[in-house]
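Source file: coords_27.csv. Holds: CSV, N, CA and C atoms.
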```
chain,number,residue,atom,x,y,z
F,19,MET,N,-2.2,-46.1,-23.5
F,19,MET,CA,-2.8,-44.8,-23.5
F,19,MET,C,-3.7,-44.7,-22.2
F,20,MET,N,-3.4,-43.6,-21.5
F,20,MET,CA,-4.2,-43.4,-20.2
F,20,MET,C,-5.3,-42.4,-20.4
F,21,ILE,N,-6.4,-42.6,-19.9
F,21,ILE,CA,-7.5,-41.7,-20.0
F,21,ILE,C,-7.3,-40.6,-19.0
F,22,HIS,N,-7.5,-39.3,-19.4
F,22,HIS,CA,-7.4,-38.2,-18.5
F,22,HIS,C,-8.6,-38.3,-17.5
F,23,LEU,N,-8.2,-38.2,-16.2
F,23,LEU,CA,-9.2,-38.4,-15.1
F,23,LEU,C,-10.4,-37.5,-15.1
F,24,ILE,N,-10.1,-36.2,-15.2
F,24,ILE,CA,-11.3,-35.2,-15.1
F,24,ILE,C,-12.2,-35.4,-16.3
F,25,ALA,N,-11.6,-35.4,-17.5
F,25,ALA,CA,-12.4,-35.6,-18.7
F,25,ALA,C,-13.1,-36.9,-18.7
F,26,GLY,N,-12.4,-38.0,-18.1
F,26,GLY,CA,-13.1,-39.3,-18.0
F,26,GLY,C,-14.3,-39.2,-17.1
F,27,LEU,N,-14.2,-38.5,-16.0
F,27,LEU,CA,-15.3,-38.3,-15.1
F,27,LEU,C,-16.5,-37.6,-15.8
F,28,LEU,N,-16.1,-36.5,-16.5
F,28,LEU,CA,-17.2,-35.8,-17.3
F,28,LEU,C,-17.9,-36.8,-18.3
F,29,PHE,N,-17.1,-37.6,-18.9
F,29,PHE,CA,-17.6,-38.6,-19.9
F,29,PHE,C,-18.6,-39.6,-19.1
F,30,LEU,N,-18.1,-40.1,-18.0
F,30,LEU,CA,-19.0,-41.0,-17.3
F,30,LEU,C,-20.3,-40.4,-16.8
F,31,TYR,N,-20.2,-39.2,-16.3
F,31,TYR,CA,-21.4,-38.5,-15.8
F,31,TYR,C,-22.4,-38.3,-17.0
F,32,LEU,N,-21.9,-37.8,-18.1
F,32,LEU,CA,-22.7,-37.6,-19.3
F,32,LEU,C,-23.2,-38.9,-19.9
F,33,LEU,N,-22.4,-39.9,-19.8
F,33,LEU,CA,-22.9,-41.2,-20.3
F,33,LEU,C,-24.1,-41.7,-19.5
F,34,ILE,N,-24.0,-41.6,-18.2
F,34,ILE,CA,-25.0,-42.1,-17.3
F,34,ILE,C,-26.3,-41.2,-17.3
F,35,ARG,N,-26.1,-39.9,-17.3
F,35,ARG,CA,-27.2,-39.0,-17.1
F,35,ARG,C,-27.7,-38.4,-18.4
F,36,PHE,N,-27.0,-38.5,-19.5
F,36,PHE,CA,-27.4,-37.9,-20.8
F,36,PHE,C,-27.6,-39.0,-21.9
F,37,ILE,N,-26.6,-39.8,-22.1
F,37,ILE,CA,-26.7,-40.8,-23.2
F,37,ILE,C,-27.7,-41.9,-22.9
F,38,PHE,N,-27.5,-42.6,-21.7
F,38,PHE,CA,-28.4,-43.7,-21.4
F,38,PHE,C,-29.9,-43.4,-21.4
F,39,PRO,N,-30.3,-42.2,-20.9
F,39,PRO,CA,-31.8,-41.9,-20.9
F,39,PRO,C,-32.4,-41.5,-22.3
F,40,LEU,N,-31.5,-41.3,-23.3
F,40,LEU,CA,-32.0,-40.9,-24.6
F,40,LEU,C,-33.0,-42.0,-25.1
F,41,PRO,N,-34.1,-41.6,-25.8
F,41,PRO,CA,-35.0,-42.6,-26.3
F,41,PRO,C,-34.5,-43.1,-27.7
F,42,LEU,N,-33.3,-43.7,-27.8
F,42,LEU,CA,-32.8,-44.2,-29.0
F,42,LEU,C,-32.5,-45.7,-28.8
F,43,LYS,N,-32.3,-46.3,-30.0
F,43,LYS,CA,-31.9,-47.7,-29.9
F,43,LYS,C,-30.4,-47.9,-29.5
F,44,ARG,N,-30.0,-49.1,-29.4
F,44,ARG,CA,-28.7,-49.4,-28.9
F,44,ARG,C,-27.6,-48.8,-29.8
F,45,GLY,N,-27.7,-49.0,-31.1
F,45,GLY,CA,-26.7,-48.5,-32.0
F,45,GLY,C,-26.3,-47.1,-31.9
F,46,PRO,N,-27.3,-46.2,-32.1
F,46,PRO,CA,-27.1,-44.7,-31.9
F,46,PRO,C,-26.5,-44.3,-30.6
F,47,LYS,N,-27.0,-45.0,-29.5
F,47,LYS,CA,-26.4,-44.7,-28.2
F,47,LYS,C,-24.9,-45.1,-28.1
F,48,ILE,N,-24.6,-46.2,-28.7
F,48,ILE,CA,-23.1,-46.6,-28.7
F,48,ILE,C,-22.3,-45.6,-29.5
F,49,ALA,N,-22.8,-45.2,-30.6
F,49,ALA,CA,-22.1,-44.2,-31.5
F,49,ALA,C,-22.0,-42.9,-30.7
F,50,ALA,N,-23.0,-42.5,-30.1
F,50,ALA,CA,-23.0,-41.2,-29.3
F,50,ALA,C,-22.0,-41.3,-28.1
F,51,ALA,N,-21.9,-42.5,-27.5
F,51,ALA,CA,-21.0,-42.7,-26.4
F,51,ALA,C,-19.5,-42.7,-26.9
F,52,VAL,N,-19.3,-43.3,-28.0
F,52,VAL,CA,-17.9,-43.3,-28.6
F,52,VAL,C,-17.5,-41.9,-29.0
F,53,LEU,N,-18.4,-41.2,-29.6
F,53,LEU,CA,-18.1,-39.8,-30.0
F,53,LEU,C,-17.9,-38.9,-28.7
F,54,LEU,N,-18.7,-39.1,-27.7
F,54,LEU,CA,-18.5,-38.4,-26.5
F,54,LEU,C,-17.1,-38.8,-25.8
F,55,LEU,N,-16.8,-40.0,-25.8
F,55,LEU,CA,-15.5,-40.4,-25.3
F,55,LEU,C,-14.3,-39.8,-26.1
F,56,ALA,N,-14.4,-39.8,-27.4
F,56,ALA,CA,-13.4,-39.1,-28.3
F,56,ALA,C,-13.3,-37.6,-28.0
F,57,VAL,N,-14.4,-37.0,-27.8
F,57,VAL,CA,-14.4,-35.5,-27.5
F,57,VAL,C,-13.8,-35.3,-26.1
F,58,SER,N,-14.2,-36.1,-25.2
F,58,SER,CA,-13.6,-35.9,-23.8
F,58,SER,C,-12.1,-36.2,-23.7
F,59,GLN,N,-11.6,-37.0,-24.6
F,59,GLN,CA,-10.2,-37.3,-24.6
F,59,GLN,C,-9.4,-36.6,-25.7
F,60,GLN,N,-10.0,-35.6,-26.3
F,60,GLN,CA,-9.3,-34.9,-27.4
F,60,GLN,C,-8.0,-34.4,-27.1
F,61,HIS,N,-7.7,-33.9,-25.9
F,61,HIS,CA,-6.4,-33.4,-25.5
F,61,HIS,C,-5.4,-34.5,-25.5
F,62,LEU,N,-5.8,-35.7,-25.0
F,62,LEU,CA,-4.9,-36.8,-25.0
F,62,LEU,C,-4.6,-37.3,-26.4
F,63,LEU,N,-5.7,-37.4,-27.2
F,63,LEU,CA,-5.5,-37.8,-28.6
F,63,LEU,C,-4.6,-36.9,-29.4
F,64,THR,N,-4.8,-35.6,-29.3
F,64,THR,CA,-4.0,-34.6,-30.0
F,64,THR,C,-2.6,-34.7,-29.6
F,65,ARG,N,-2.3,-34.8,-28.3
F,65,ARG,CA,-0.9,-34.9,-27.8
F,65,ARG,C,-0.3,-36.2,-28.3
F,66,SER,N,-1.1,-37.3,-28.4
F,66,SER,CA,-0.5,-38.6,-28.8
F,66,SER,C,-0.2,-38.6,-30.3
F,67,LEU,N,-1.1,-37.9,-31.1
F,67,LEU,CA,-0.9,-37.9,-32.6
F,67,LEU,C,0.0,-36.8,-33.1
F,68,PHE,N,0.0,-35.6,-32.5
F,68,PHE,CA,0.7,-34.5,-33.0
F,68,PHE,C,1.8,-34.0,-32.1
F,69,GLY,N,1.9,-34.6,-30.9
F,69,GLY,CA,3.0,-34.2,-29.9
F,69,GLY,C,2.7,-33.1,-29.0
F,70,SER,N,1.8,-32.1,-29.5
F,70,SER,CA,1.5,-31.0,-28.7
F,70,SER,C,0.2,-30.4,-29.2
F,71,LEU,N,-0.5,-29.7,-28.3
F,71,LEU,CA,-1.7,-29.0,-28.7
F,71,LEU,C,-1.5,-27.8,-29.6
F,72,SER,N,-0.3,-27.3,-29.6
F,72,SER,CA,0.1,-26.1,-30.4
F,72,SER,C,1.0,-26.5,-31.6
F,73,SER,N,0.9,-27.7,-32.0
F,73,SER,CA,1.8,-28.2,-33.1
F,73,SER,C,1.3,-27.5,-34.4
F,74,PRO,N,2.3,-27.1,-35.2
F,74,PRO,CA,2.0,-26.4,-36.5
F,74,PRO,C,1.4,-27.4,-37.5
F,75,GLU,N,1.5,-28.7,-37.3
F,75,GLU,CA,1.0,-29.7,-38.2
F,75,GLU,C,-0.5,-29.9,-38.2
F,76,ILE,N,-1.1,-29.4,-37.1
F,76,ILE,CA,-2.6,-29.5,-37.0
F,76,ILE,C,-3.2,-28.4,-37.8
F,77,PRO,N,-4.1,-28.8,-38.7
F,77,PRO,CA,-4.8,-27.8,-39.6
F,77,PRO,C,-5.7,-26.9,-38.7
F,78,PRO,N,-5.8,-25.6,-39.1
F,78,PRO,CA,-6.6,-24.7,-38.3
F,78,PRO,C,-8.1,-25.1,-38.2
F,79,ALA,N,-8.6,-25.7,-39.2
F,79,ALA,CA,-10.0,-26.2,-39.1
F,79,ALA,C,-10.2,-27.3,-38.1
F,80,LEU,N,-9.2,-28.1,-37.9
F,80,LEU,CA,-9.2,-29.2,-36.9
F,80,LEU,C,-9.2,-28.6,-35.5
F,81,ILE,N,-8.3,-27.6,-35.3
F,81,ILE,CA,-8.2,-26.9,-34.0
F,81,ILE,C,-9.6,-26.3,-33.7
F,82,ALA,N,-10.2,-25.7,-34.7
F,82,ALA,CA,-11.5,-25.0,-34.4
F,82,ALA,C,-12.6,-26.1,-34.0
F,83,VAL,N,-12.6,-27.2,-34.8
F,83,VAL,CA,-13.6,-28.2,-34.5
F,83,VAL,C,-13.3,-28.8,-33.1
F,84,GLN,N,-12.0,-29.0,-32.8
F,84,GLN,CA,-11.7,-29.6,-31.4
F,84,GLN,C,-12.1,-28.6,-30.3
F,85,GLY,N,-11.9,-27.3,-30.5
F,85,GLY,CA,-12.3,-26.4,-29.5
F,85,GLY,C,-13.8,-26.3,-29.4
F,86,TRP,N,-14.5,-26.4,-30.5
F,86,TRP,CA,-16.0,-26.4,-30.5
F,86,TRP,C,-16.5,-27.6,-29.7
F,87,MET,N,-16.0,-28.8,-30.1
F,87,MET,CA,-16.5,-30.0,-29.4
F,87,MET,C,-16.2,-30.0,-27.9
F,88,PHE,N,-15.0,-29.6,-27.5
F,88,PHE,CA,-14.6,-29.6,-26.1
F,88,PHE,C,-15.4,-28.6,-25.3
F,89,VAL,N,-15.6,-27.4,-25.9
F,89,VAL,CA,-16.5,-26.4,-25.2
F,89,VAL,C,-17.9,-26.9,-25.1
F,90,SER,N,-18.4,-27.6,-26.1
F,90,SER,CA,-19.7,-28.2,-26.1
F,90,SER,C,-19.8,-29.2,-25.0
F,91,LEU,N,-18.8,-30.0,-24.9
F,91,LEU,CA,-18.8,-31.0,-23.8
F,91,LEU,C,-18.9,-30.4,-22.4
F,92,LEU,N,-18.1,-29.3,-22.2
F,92,LEU,CA,-18.1,-28.6,-20.9
F,92,LEU,C,-19.5,-28.0,-20.7
F,93,LEU,N,-20.1,-27.3,-21.7
F,93,LEU,CA,-21.4,-26.7,-21.5
F,93,LEU,C,-22.5,-27.8,-21.3
F,94,LEU,N,-22.4,-28.9,-22.0
F,94,LEU,CA,-23.3,-30.0,-21.9
F,94,LEU,C,-23.2,-30.5,-20.4
F,95,PHE,N,-22.0,-30.7,-19.9
F,95,PHE,CA,-21.9,-31.2,-18.5
F,95,PHE,C,-22.5,-30.2,-17.6
F,96,LEU,N,-22.3,-28.9,-17.7
F,96,LEU,CA,-22.8,-27.9,-16.8
F,96,LEU,C,-24.4,-27.8,-16.9
F,97,LEU,N,-24.9,-28.0,-18.1
F,97,LEU,CA,-26.4,-27.9,-18.3
F,97,LEU,C,-27.0,-29.2,-17.7
F,98,VAL,N,-26.4,-30.3,-17.9
F,98,VAL,CA,-27.0,-31.6,-17.3
F,98,VAL,C,-26.9,-31.5,-15.8
F,99,LEU,N,-25.8,-31.0,-15.3
F,99,LEU,CA,-25.6,-30.9,-13.8
F,99,LEU,C,-26.6,-29.9,-13.3
F,100,ALA,N,-26.8,-28.8,-13.9
F,100,ALA,CA,-27.9,-27.8,-13.5
F,100,ALA,C,-29.3,-28.4,-13.5
F,101,ARG,N,-29.5,-29.2,-14.6
F,101,ARG,CA,-30.8,-29.9,-14.7
F,101,ARG,C,-31.0,-30.9,-13.6
F,102,ASP,N,-30.0,-31.7,-13.3
F,102,ASP,CA,-30.1,-32.6,-12.2
F,102,ASP,C,-30.3,-32.0,-10.8
F,103,LEU,N,-29.6,-30.9,-10.6
F,103,LEU,CA,-29.7,-30.2,-9.3
F,103,LEU,C,-31.1,-29.6,-9.2
F,104,PHE,N,-31.6,-29.0,-10.3
F,104,PHE,CA,-33.0,-28.5,-10.3
F,104,PHE,C,-34.0,-29.6,-10.1
F,105,LEU,N,-33.8,-30.7,-10.7
F,105,LEU,CA,-34.8,-31.8,-10.5
F,105,LEU,C,-34.7,-32.4,-9.1
F,106,ILE,N,-33.6,-32.4,-8.5
F,106,ILE,CA,-33.5,-32.8,-7.1
F,106,ILE,C,-34.2,-31.8,-6.2
F,107,GLY,N,-34.0,-30.5,-6.5
F,107,GLY,CA,-34.7,-29.5,-5.7
F,107,GLY,C,-36.2,-29.6,-5.9
F,108,ALA,N,-36.6,-29.8,-7.1
F,108,ALA,CA,-38.1,-29.9,-7.4
F,108,ALA,C,-38.7,-31.1,-6.7
F,109,TRP,N,-37.9,-32.2,-6.7
F,109,TRP,CA,-38.4,-33.4,-6.1
F,109,TRP,C,-38.5,-33.2,-4.5
F,110,LEU,N,-37.5,-32.6,-4.0
F,110,LEU,CA,-37.5,-32.3,-2.5
F,110,LEU,C,-38.6,-31.4,-2.2
F,111,PHE,N,-38.9,-30.4,-3.0
F,111,PHE,CA,-39.9,-29.4,-2.7
F,111,PHE,C,-41.3,-30.1,-2.8
F,112,SER,N,-41.5,-30.9,-3.9
F,112,SER,CA,-42.8,-31.6,-4.0
F,112,SER,C,-43.0,-32.7,-3.0
F,113,ALA,N,-42.0,-33.4,-2.7
F,113,ALA,CA,-42.1,-34.6,-1.8
F,113,ALA,C,-42.2,-34.2,-0.4
F,114,TRP,N,-41.3,-33.3,0.1
F,114,TRP,CA,-41.3,-33.0,1.5
F,114,TRP,C,-42.2,-31.9,1.9
F,115,LEU,N,-42.2,-30.8,1.1
F,115,LEU,CA,-43.0,-29.7,1.5
F,115,LEU,C,-44.4,-29.8,1.1
F,116,LEU,N,-44.7,-30.3,0.0
F,116,LEU,CA,-46.1,-30.4,-0.5
F,116,LEU,C,-46.7,-31.8,-0.2
F,117,GLY,N,-45.9,-32.8,0.1
F,117,GLY,CA,-46.4,-34.1,0.5
F,117,GLY,C,-46.9,-34.9,-0.7
F,118,ARG,N,-46.4,-34.6,-1.9
F,118,ARG,CA,-46.8,-35.4,-3.1
F,118,ARG,C,-45.8,-36.6,-3.2
F,119,LYS,N,-46.4,-37.7,-3.7
F,119,LYS,CA,-45.6,-38.9,-3.9
F,119,LYS,C,-44.9,-38.9,-5.2
F,120,LYS,N,-45.5,-38.4,-6.3
F,120,LYS,CA,-44.9,-38.4,-7.6
F,120,LYS,C,-45.1,-37.1,-8.3
F,121,SER,N,-44.1,-36.6,-8.9
F,121,SER,CA,-44.2,-35.3,-9.6
F,121,SER,C,-44.0,-35.6,-11.1
F,122,ARG,N,-44.6,-34.7,-11.9
F,122,ARG,CA,-44.5,-34.9,-13.4
F,122,ARG,C,-43.4,-34.0,-13.9
F,123,ASP,N,-42.8,-34.5,-15.0
F,123,ASP,CA,-41.8,-33.7,-15.7
F,123,ASP,C,-42.4,-32.6,-16.6
F,124,ALA,N,-41.6,-31.5,-16.7
F,124,ALA,CA,-42.1,-30.4,-17.6
F,124,ALA,C,-42.1,-30.8,-19.1
F,125,PHE,N,-41.0,-31.5,-19.5
F,125,PHE,CA,-40.8,-31.9,-20.8
F,125,PHE,C,-40.6,-33.4,-20.8
F,126,SER,N,-40.8,-34.1,-22.0
F,126,SER,CA,-40.5,-35.5,-22.1
F,126,SER,C,-38.9,-35.6,-22.1
F,127,PRO,N,-38.4,-36.7,-21.7
F,127,PRO,CA,-36.9,-36.8,-21.6
F,127,PRO,C,-36.3,-36.6,-23.0
F,128,GLY,N,-36.8,-37.0,-24.1
F,128,GLY,CA,-36.2,-36.8,-25.4
F,128,GLY,C,-36.1,-35.4,-25.8
F,129,ARG,N,-37.2,-34.6,-25.6
F,129,ARG,CA,-37.2,-33.2,-25.9
F,129,ARG,C,-36.3,-32.4,-25.0
F,130,ARG,N,-36.2,-32.8,-23.7
F,130,ARG,CA,-35.4,-32.1,-22.7
F,130,ARG,C,-33.9,-32.4,-23.1
F,131,GLU,N,-33.5,-33.6,-23.5
F,131,GLU,CA,-32.2,-33.9,-23.8
F,131,GLU,C,-31.8,-33.1,-25.1
F,132,ALA,N,-32.7,-33.0,-26.1
F,132,ALA,CA,-32.4,-32.3,-27.3
F,132,ALA,C,-32.2,-30.8,-27.1
F,133,LEU,N,-33.0,-30.3,-26.2
F,133,LEU,CA,-32.9,-28.9,-25.8
F,133,LEU,C,-31.6,-28.6,-25.1
F,134,ILE,N,-31.2,-29.5,-24.2
F,134,ILE,CA,-29.9,-29.3,-23.5
F,134,ILE,C,-28.7,-29.4,-24.5
F,135,ALA,N,-28.8,-30.4,-25.4
F,135,ALA,CA,-27.7,-30.5,-26.4
F,135,ALA,C,-27.6,-29.3,-27.3
F,136,GLY,N,-28.8,-28.8,-27.8
F,136,GLY,CA,-28.8,-27.5,-28.6
F,136,GLY,C,-28.2,-26.4,-27.8
F,137,LEU,N,-28.6,-26.2,-26.5
F,137,LEU,CA,-28.1,-25.2,-25.7
F,137,LEU,C,-26.6,-25.3,-25.5
F,138,ALA,N,-26.0,-26.4,-25.6
F,138,ALA,CA,-24.6,-26.6,-25.5
F,138,ALA,C,-23.8,-26.4,-26.8
F,139,LEU,N,-24.4,-26.9,-27.9
F,139,LEU,CA,-23.7,-26.8,-29.2
F,139,LEU,C,-23.7,-25.4,-29.8
F,140,ILE,N,-24.8,-24.7,-29.8
F,140,ILE,CA,-25.0,-23.4,-30.5
F,140,ILE,C,-24.1,-22.4,-29.9
F,141,PRO,N,-24.1,-22.1,-28.6
F,141,PRO,CA,-23.2,-21.0,-28.0
F,141,PRO,C,-21.7,-21.4,-28.2
F,142,SER,N,-21.4,-22.7,-28.1
F,142,SER,CA,-20.0,-23.0,-28.2
F,142,SER,C,-19.5,-22.8,-29.6
F,143,ALA,N,-20.4,-23.1,-30.6
F,143,ALA,CA,-20.0,-22.9,-32.0
F,143,ALA,C,-19.8,-21.4,-32.3
F,144,TYR,N,-20.7,-20.6,-31.7
F,144,TYR,CA,-20.5,-19.1,-31.8
F,144,TYR,C,-19.2,-18.6,-31.1
F,145,GLY,N,-18.9,-19.2,-30.0
F,145,GLY,CA,-17.7,-18.8,-29.3
F,145,GLY,C,-16.4,-19.1,-30.0
F,146,VAL,N,-16.4,-20.3,-30.6
F,146,VAL,CA,-15.2,-20.7,-31.4
F,146,VAL,C,-15.1,-19.9,-32.7
F,147,TYR,N,-16.3,-19.6,-33.3
F,147,TYR,CA,-16.2,-18.9,-34.6
F,147,TYR,C,-15.6,-17.5,-34.4
```

What would you get if you wrote out this structure as structure tokens?
Amino acid sequence: MMIHLIAGLLFLYLLIRFIFPLPLKRGPKIAAAVLLLAVSQQHLLTRSLFGSLSSPEIPPALIAVQGWMFVSLLLLFLLVLARDLFLIGAWLFSAWLLGRKKSRDAFSPGRREALIAGLALIPSAYGVY
């Protein structure tokens, strides 16, 4: 079974920039990484198990959950990317223009990650509903 390249890259980026910095122990991080990998490869898994994404054997509730999870993955990626770009911009502004050596974060990493996850899950659930 081959991993889809684009979804695999989304998984790697979110693994490094979202899952690893979470203030959790190793077990929950591994569980979150496995779940993230399954969500990122859901098109491949569905095609392997059911033959097609539009197969009549797939229950409608499963299709809705798959859509919700994949849209959540995409929104999570966009929000983490926007956060990283903002943090790079803020670092450049404070380091180069203001001459500061170290800048402080607006939120702690755990709260910031929870906010980003909520901002990805809630609108995607509403969109699939």

Closest of F:Ala135, F:Leu53, F:Trp109, F:Arg130 to Leu93 of chain F - atom-to-atom distances counting all atoms listed in the file: F:Ala135

Counting all atoms listed in the file, find residues at most 6.5 Å from (-29.5, -34.4, -21.2) (file frame) and give them as a count of residues only. 9

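A straight line drawn from atom CA of Leu54 of chain F to atom C of Phe29 of chain F is 7.5 Å long.
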
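One distance worth recording is that between atom CA of Ser66 of chain F and atom N of Val89 of chain F, which is 19.0 Å.
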
Compile the contact shell of segment 56-58 of chain F as a list in words: residues with an atom at most 8 Å away, counting all atoms listed in the file, same-chain residues fewer than 6 positions apart removed. His22, Ile24, Ala25, Gly26, Leu28, Phe29, Ala50, Gln84, Met87, Phe88 and Leu91 of chain F

Would you compute the distance between atom CA of Asp102 of chain F and atom CA of Leu133 of chain F? Give it in Å to one decimal. 14.4 Å

DSSP alpha helix (DSSP H) residues within segment 19-94 of chain F, listed as a ChimeraX atom specification: /F:23-32,44-58,60-68,78-94

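Distances here use only C-alpha atoms; by that measure, the residue among F:Leu99, F:Ile76, F:Leu23, F:Leu139 closest to Leu62 of chain F is F:Leu23.
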
Take segment 39-59 of chain F from the block and save it with N, CA, C and O atoms, as a PDB file, in the first residue's frame.
```pdb
ATOM      1  N   PRO F  39       4.864  19.318  19.399  1.00  0.00           N
ATOM      2  CA  PRO F  39       4.920  20.348  20.447  1.00  0.00           C
ATOM      3  C   PRO F  39       3.821  20.251  21.511  1.00  0.00           C
ATOM      4  O   PRO F  39       3.860  20.991  22.481  1.00  0.00           O
ATOM      5  N   LEU F  40       2.841  19.369  21.333  1.00  0.00           N
ATOM      6  CA  LEU F  40       1.769  19.261  22.323  1.00  0.00           C
ATOM      7  C   LEU F  40       2.333  18.864  23.684  1.00  0.00           C
ATOM      8  O   LEU F  40       3.215  18.014  23.772  1.00  0.00           O
ATOM      9  N   PRO F  41       1.799  19.467  24.749  1.00  0.00           N
ATOM     10  CA  PRO F  41       2.291  19.113  26.092  1.00  0.00           C
ATOM     11  C   PRO F  41       1.631  17.834  26.622  1.00  0.00           C
ATOM     12  O   PRO F  41       0.950  17.844  27.634  1.00  0.00           O
ATOM     13  N   LEU F  42       1.828  16.735  25.904  1.00  0.00           N
ATOM     14  CA  LEU F  42       1.263  15.444  26.278  1.00  0.00           C
ATOM     15  C   LEU F  42       2.387  14.437  26.470  1.00  0.00           C
ATOM     16  O   LEU F  42       3.509  14.647  26.036  1.00  0.00           O
ATOM     17  N   LYS F  43       2.031  13.310  27.078  1.00  0.00           N
ATOM     18  CA  LYS F  43       3.003  12.231  27.221  1.00  0.00           C
ATOM     19  C   LYS F  43       3.133  11.486  25.891  1.00  0.00           C
ATOM     20  O   LYS F  43       2.414  11.775  24.934  1.00  0.00           O
ATOM     21  N   ARG F  44       4.026  10.539  25.854  1.00  0.00           N
ATOM     22  CA  ARG F  44       4.324   9.845  24.615  1.00  0.00           C
ATOM     23  C   ARG F  44       3.128   9.043  24.073  1.00  0.00           C
ATOM     24  O   ARG F  44       2.881   9.035  22.860  1.00  0.00           O
ATOM     25  N   GLY F  45       2.357   8.385  24.928  1.00  0.00           N
ATOM     26  CA  GLY F  45       1.237   7.557  24.488  1.00  0.00           C
ATOM     27  C   GLY F  45       0.173   8.335  23.733  1.00  0.00           C
ATOM     28  O   GLY F  45      -0.212   7.946  22.618  1.00  0.00           O
ATOM     29  N   PRO F  46      -0.357   9.431  24.305  1.00  0.00           N
ATOM     30  CA  PRO F  46      -1.349  10.211  23.574  1.00  0.00           C
ATOM     31  C   PRO F  46      -0.806  10.837  22.281  1.00  0.00           C
ATOM     32  O   PRO F  46      -1.539  10.971  21.302  1.00  0.00           O
ATOM     33  N   LYS F  47       0.471  11.194  22.273  1.00  0.00           N
ATOM     34  CA  LYS F  47       1.057  11.735  21.039  1.00  0.00           C
ATOM     35  C   LYS F  47       1.106  10.682  19.941  1.00  0.00           C
ATOM     36  O   LYS F  47       0.809  10.970  18.779  1.00  0.00           O
ATOM     37  N   ILE F  48       1.438   9.447  20.312  1.00  0.00           N
ATOM     38  CA  ILE F  48       1.469   8.363  19.327  1.00  0.00           C
ATOM     39  C   ILE F  48       0.060   8.075  18.822  1.00  0.00           C
ATOM     40  O   ILE F  48      -0.151   7.888  17.618  1.00  0.00           O
ATOM     41  N   ALA F  49      -0.922   8.074  19.720  1.00  0.00           N
ATOM     42  CA  ALA F  49      -2.308   7.840  19.317  1.00  0.00           C
ATOM     43  C   ALA F  49      -2.790   8.950  18.377  1.00  0.00           C
ATOM     44  O   ALA F  49      -3.446   8.683  17.365  1.00  0.00           O
ATOM     45  N   ALA F  50      -2.450  10.200  18.694  1.00  0.00           N
ATOM     46  CA  ALA F  50      -2.839  11.315  17.835  1.00  0.00           C
ATOM     47  C   ALA F  50      -2.141  11.222  16.478  1.00  0.00           C
ATOM     48  O   ALA F  50      -2.750  11.515  15.441  1.00  0.00           O
ATOM     49  N   ALA F  51      -0.892  10.785  16.463  1.00  0.00           N
ATOM     50  CA  ALA F  51      -0.161  10.649  15.199  1.00  0.00           C
ATOM     51  C   ALA F  51      -0.761   9.543  14.338  1.00  0.00           C
ATOM     52  O   ALA F  51      -0.895   9.707  13.121  1.00  0.00           O
ATOM     53  N   VAL F  52      -1.152   8.430  14.945  1.00  0.00           N
ATOM     54  CA  VAL F  52      -1.766   7.333  14.191  1.00  0.00           C
ATOM     55  C   VAL F  52      -3.124   7.775  13.640  1.00  0.00           C
ATOM     56  O   VAL F  52      -3.460   7.490  12.482  1.00  0.00           O
ATOM     57  N   LEU F  53      -3.904   8.475  14.452  1.00  0.00           N
ATOM     58  CA  LEU F  53      -5.190   8.982  13.982  1.00  0.00           C
ATOM     59  C   LEU F  53      -5.001   9.984  12.849  1.00  0.00           C
ATOM     60  O   LEU F  53      -5.721   9.944  11.842  1.00  0.00           O
ATOM     61  N   LEU F  54      -4.026  10.861  12.981  1.00  0.00           N
ATOM     62  CA  LEU F  54      -3.739  11.838  11.934  1.00  0.00           C
ATOM     63  C   LEU F  54      -3.295  11.151  10.647  1.00  0.00           C
ATOM     64  O   LEU F  54      -3.699  11.548   9.546  1.00  0.00           O
ATOM     65  N   LEU F  55      -2.491  10.100  10.755  1.00  0.00           N
ATOM     66  CA  LEU F  55      -2.075   9.349   9.578  1.00  0.00           C
ATOM     67  C   LEU F  55      -3.274   8.677   8.913  1.00  0.00           C
ATOM     68  O   LEU F  55      -3.406   8.703   7.685  1.00  0.00           O
ATOM     69  N   ALA F  56      -4.162   8.084   9.704  1.00  0.00           N
ATOM     70  CA  ALA F  56      -5.352   7.438   9.144  1.00  0.00           C
ATOM     71  C   ALA F  56      -6.247   8.449   8.441  1.00  0.00           C
ATOM     72  O   ALA F  56      -6.775   8.175   7.362  1.00  0.00           O
ATOM     73  N   VAL F  57      -6.405   9.620   9.033  1.00  0.00           N
ATOM     74  CA  VAL F  57      -7.243  10.653   8.410  1.00  0.00           C
ATOM     75  C   VAL F  57      -6.593  11.153   7.130  1.00  0.00           C
ATOM     76  O   VAL F  57      -7.265  11.363   6.118  1.00  0.00           O
ATOM     77  N   SER F  58      -5.282  11.331   7.146  1.00  0.00           N
ATOM     78  CA  SER F  58      -4.620  11.844   5.953  1.00  0.00           C
ATOM     79  C   SER F  58      -4.654  10.835   4.806  1.00  0.00           C
ATOM     80  O   SER F  58      -4.641  11.223   3.645  1.00  0.00           O
ATOM     81  N   GLN F  59      -4.721   9.568   5.124  1.00  0.00           N
ATOM     82  CA  GLN F  59      -4.734   8.534   4.096  1.00  0.00           C
ATOM     83  C   GLN F  59      -6.121   7.928   3.897  1.00  0.00           C
ATOM     84  O   GLN F  59      -6.241   6.826   3.367  1.00  0.00           O
TER      85      GLN F  59
END
```
